[in-house]
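Q: A single structure is presented below for examination.
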Amino acid sequence: MGYNFYMRVYEVVDDASTDAIISWSESNNSFIIWNVGEFYRRILPKYVDLGTNLSRFFSNLRSHGFKIVKGRTGVLEFGHEDLVRDKLELMKKMVSDKRKARKAAKSKARKARVQVEFLFQHLQI
């Protein structure tokens with residue numbers, strides 16, 4: 001999902017026809033969902049790869065390194081240090097960082113499994 005997810009988020013946020021629902025923030029390094037209900041009704045059904053419901057979409061954002069930007073009331077704002085308007089080249093870094101994190105997690109899980117297997121083999125009852 002990695003690169004496609006980032007590209008899809010960028011595409012949705014960058015679509016000027018939906019600015020009343022979702023758009024770039026003034027700083028261009030985060031995006032704002034202005035109308036959550038309309039986002040759910042009009043955007044998510046078109047782009048099921050973002051998530052099939054709001055909970056899944058928010059979960060996908062978190063798992064891809066997005067953070068909630070605090071400070072605004074009544075709207076949802078999300079940011080990622082490498083999601084910046086008109087800076088598509090930064091998305092390559094996003095994917096690379098995601099892959100590194102996944103590889104590190106797999107390595108950690110592999111080491112833990114080896115340790116558990118060792119403990120089971122040497123368990124004396």
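Chain identifiers are assigned as A, B, and so on, following the order in which chains appear in the structure tokens; residues are numbered from 1 within each chain, and ligands are numbered from 1 in order of appearance.
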Find the spatial neighbours of Arg8 of chain A, counting only C-alpha atoms, within a cut-off of 10 Å - ignore same-chain residues fewer than 4 positions away - and output them as an NGL selection string.

A: :A and (3-4 or 12-14 or 47 or 49-50)

Q: Write out the residues from the selection above, keeping all heavy atoms, as a CSV table (one decimal), in the first residue's frame.

A:
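To be explicit, this is the file written out as out-v8.csv:
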```csv
chain,number,residue,atom,x,y,z
A,3,TYR,N,3.6,3.5,-1.3
A,3,TYR,CA,3.6,4.6,-2.2
A,3,TYR,C,2.3,5.0,-2.7
A,3,TYR,O,1.9,6.2,-2.8
A,3,TYR,CB,4.6,4.3,-3.3
A,3,TYR,CG,4.9,5.4,-4.2
A,3,TYR,CD1,5.7,6.5,-3.8
A,3,TYR,CD2,4.4,5.5,-5.5
A,3,TYR,CE1,5.9,7.6,-4.6
A,3,TYR,CE2,4.6,6.5,-6.4
A,3,TYR,CZ,5.4,7.6,-5.9
A,3,TYR,OH,5.7,8.6,-6.7
A,4,ASN,N,1.4,4.0,-3.0
A,4,ASN,CA,0.1,4.3,-3.6
A,4,ASN,C,-0.7,5.1,-2.5
A,4,ASN,O,-1.5,6.0,-2.9
A,4,ASN,CB,-0.6,3.0,-3.9
A,4,ASN,CG,0.0,2.4,-5.2
A,4,ASN,OD1,0.7,3.0,-6.0
A,4,ASN,ND2,-0.2,1.1,-5.3
A,12,VAL,N,-5.9,13.4,-3.4
A,12,VAL,CA,-7.2,13.9,-2.9
A,12,VAL,C,-7.0,15.3,-2.3
A,12,VAL,O,-7.9,16.1,-2.5
A,12,VAL,CB,-7.7,12.9,-1.8
A,12,VAL,CG1,-8.8,13.4,-1.0
A,12,VAL,CG2,-8.1,11.5,-2.4
A,13,VAL,N,-6.0,15.5,-1.5
A,13,VAL,CA,-5.8,16.8,-0.9
A,13,VAL,C,-5.5,17.9,-2.0
A,13,VAL,O,-6.0,19.0,-1.8
A,13,VAL,CB,-4.6,16.8,0.1
A,13,VAL,CG1,-4.2,18.2,0.6
A,13,VAL,CG2,-4.9,15.8,1.2
A,14,ASP,N,-4.9,17.5,-3.0
A,14,ASP,CA,-4.5,18.5,-4.1
A,14,ASP,C,-5.6,18.8,-5.0
A,14,ASP,O,-5.5,19.7,-5.8
A,14,ASP,CB,-3.3,18.0,-4.8
A,14,ASP,CG,-2.5,19.1,-5.4
A,14,ASP,OD1,-2.2,20.1,-4.7
A,14,ASP,OD2,-2.1,19.0,-6.6
A,47,TYR,N,-12.3,6.5,-3.2
A,47,TYR,CA,-10.9,6.1,-3.0
A,47,TYR,C,-10.8,5.0,-1.9
A,47,TYR,O,-10.3,5.3,-0.8
A,47,TYR,CB,-10.0,7.3,-2.7
A,47,TYR,CG,-10.1,8.4,-3.7
A,47,TYR,CD1,-10.9,9.5,-3.5
A,47,TYR,CD2,-9.4,8.3,-4.9
A,47,TYR,CE1,-11.0,10.5,-4.4
A,47,TYR,CE2,-9.5,9.3,-5.8
A,47,TYR,CZ,-10.3,10.4,-5.6
A,47,TYR,OH,-10.3,11.4,-6.5
A,49,ASP,N,-8.9,2.7,-1.5
A,49,ASP,CA,-7.6,2.3,-1.0
A,49,ASP,C,-7.1,3.2,0.2
A,49,ASP,O,-6.2,2.9,0.8
A,49,ASP,CB,-6.6,2.4,-2.1
A,49,ASP,CG,-6.6,3.7,-3.0
A,49,ASP,OD1,-7.6,4.4,-3.0
A,49,ASP,OD2,-5.6,4.0,-3.6
A,50,LEU,N,-7.9,4.3,0.4
A,50,LEU,CA,-7.6,5.1,1.6
A,50,LEU,C,-8.1,4.5,2.9
A,50,LEU,O,-7.6,4.7,4.0
A,50,LEU,CB,-8.2,6.5,1.5
A,50,LEU,CG,-7.6,7.4,0.4
A,50,LEU,CD1,-8.3,8.7,0.3
A,50,LEU,CD2,-6.1,7.6,0.7
```

Q: What are the DSSP strand (DSSP E) residues of chain A, as JSON, numbers by chain?

A: {"A": [22, 23, 24, 30, 31, 32, 33, 67, 68, 76, 77, 78, 79]}

Q: Next, dump the selected residues to file, keeping only N, CA and C atoms, as a compact mmCIF listing (two decimals), in the first residue's frame.

A:
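Wrote selection-v9.txt, looks like this:
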```
# COMPACT_ATOMS: atom_id res chain seq x y z
N ILE A 22 -11.78 18.93 1.89
CA ILE A 22 -10.40 18.63 2.29
C ILE A 22 -9.47 19.49 1.45
N SER A 23 -8.46 20.07 2.09
CA SER A 23 -7.52 20.92 1.35
C SER A 23 -6.21 21.02 2.10
N TRP A 24 -5.25 21.63 1.42
CA TRP A 24 -3.96 21.92 2.06
C TRP A 24 -4.17 22.99 3.13
N SER A 30 0.56 20.32 5.64
CA SER A 30 -0.44 19.50 6.31
C SER A 30 -1.74 19.67 5.53
N PHE A 31 -2.72 18.84 5.86
CA PHE A 31 -4.02 19.00 5.20
C PHE A 31 -5.12 19.01 6.24
N ILE A 32 -6.23 19.61 5.86
CA ILE A 32 -7.35 19.79 6.78
C ILE A 32 -8.59 19.15 6.17
N ILE A 33 -9.27 18.36 6.99
CA ILE A 33 -10.58 17.85 6.60
C ILE A 33 -11.58 18.82 7.21
N LYS A 67 0.59 12.55 11.60
CA LYS A 67 0.27 12.98 12.96
C LYS A 67 -0.88 13.98 12.91
N ILE A 68 -1.68 13.98 13.98
CA ILE A 68 -2.72 14.98 14.10
C ILE A 68 -2.05 16.30 14.49
N LEU A 76 -10.30 18.55 11.33
CA LEU A 76 -9.19 17.62 11.56
C LEU A 76 -8.03 18.00 10.66
N GLU A 77 -6.86 18.14 11.25
CA GLU A 77 -5.67 18.48 10.48
C GLU A 77 -4.61 17.41 10.71
N PHE A 78 -4.03 16.94 9.62
CA PHE A 78 -3.00 15.91 9.67
C PHE A 78 -1.76 16.39 8.93
N GLY A 79 -0.61 16.01 9.45
CA GLY A 79 0.63 16.38 8.79
C GLY A 79 1.62 15.22 8.77
```

Q: Might you pull out every residue within 10 Å of segment 35-38 of chain A, with only C-alpha atoms counted and same-chain residues fewer than 5 positions away left off, and present them as a list of chain:residue names?

A: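 The filter keeps A:Thr18, A:Asp19, A:Ala20, A:Ile21, A:Ile22, A:Ile43, A:Leu44, A:Leu54, A:Gly74, A:Val75, A:Leu76.
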
Q: Could you please determine the separation between atom CA of Gly51 of chain A and atom CA of Phe5 of chain A in Å, to one decimal place?

A: 9.7 Å

Q: For Asn29 of chain A, which residue among A:Val48, A:Ala16, A:Met7, A:Leu83 is the nearest when counting only C-alpha atoms?

A: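 Going through A:Val48, A:Ala16, A:Met7, A:Leu83 one by one, the smallest distance to Asn29 of chain A is for A:Leu83.
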
Q: What does the structure give for the distance between atom CA of Gly65 of chain A and atom CA of Arg113 of chain A, in Å to one decimal?

A: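 Spanning atom CA of Gly65 of chain A to atom CA of Arg113 of chain A is a straight-line distance of 26.5 Å.
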
Q: How would you write, as a PyMOL selection string, the set of residues in chain A that DSSP gives as alpha helix (DSSP H)?

A: chain A and resi 2-14+36-38+54-63+90-121

Q: If you count only C-alpha atoms, which residues fall within 6 Å of Phe66 of chain A, apart from same-chain ones fewer than 2 positions away, as a PyMOL selection string?

A: chain A and resi 61-62+64+79-80
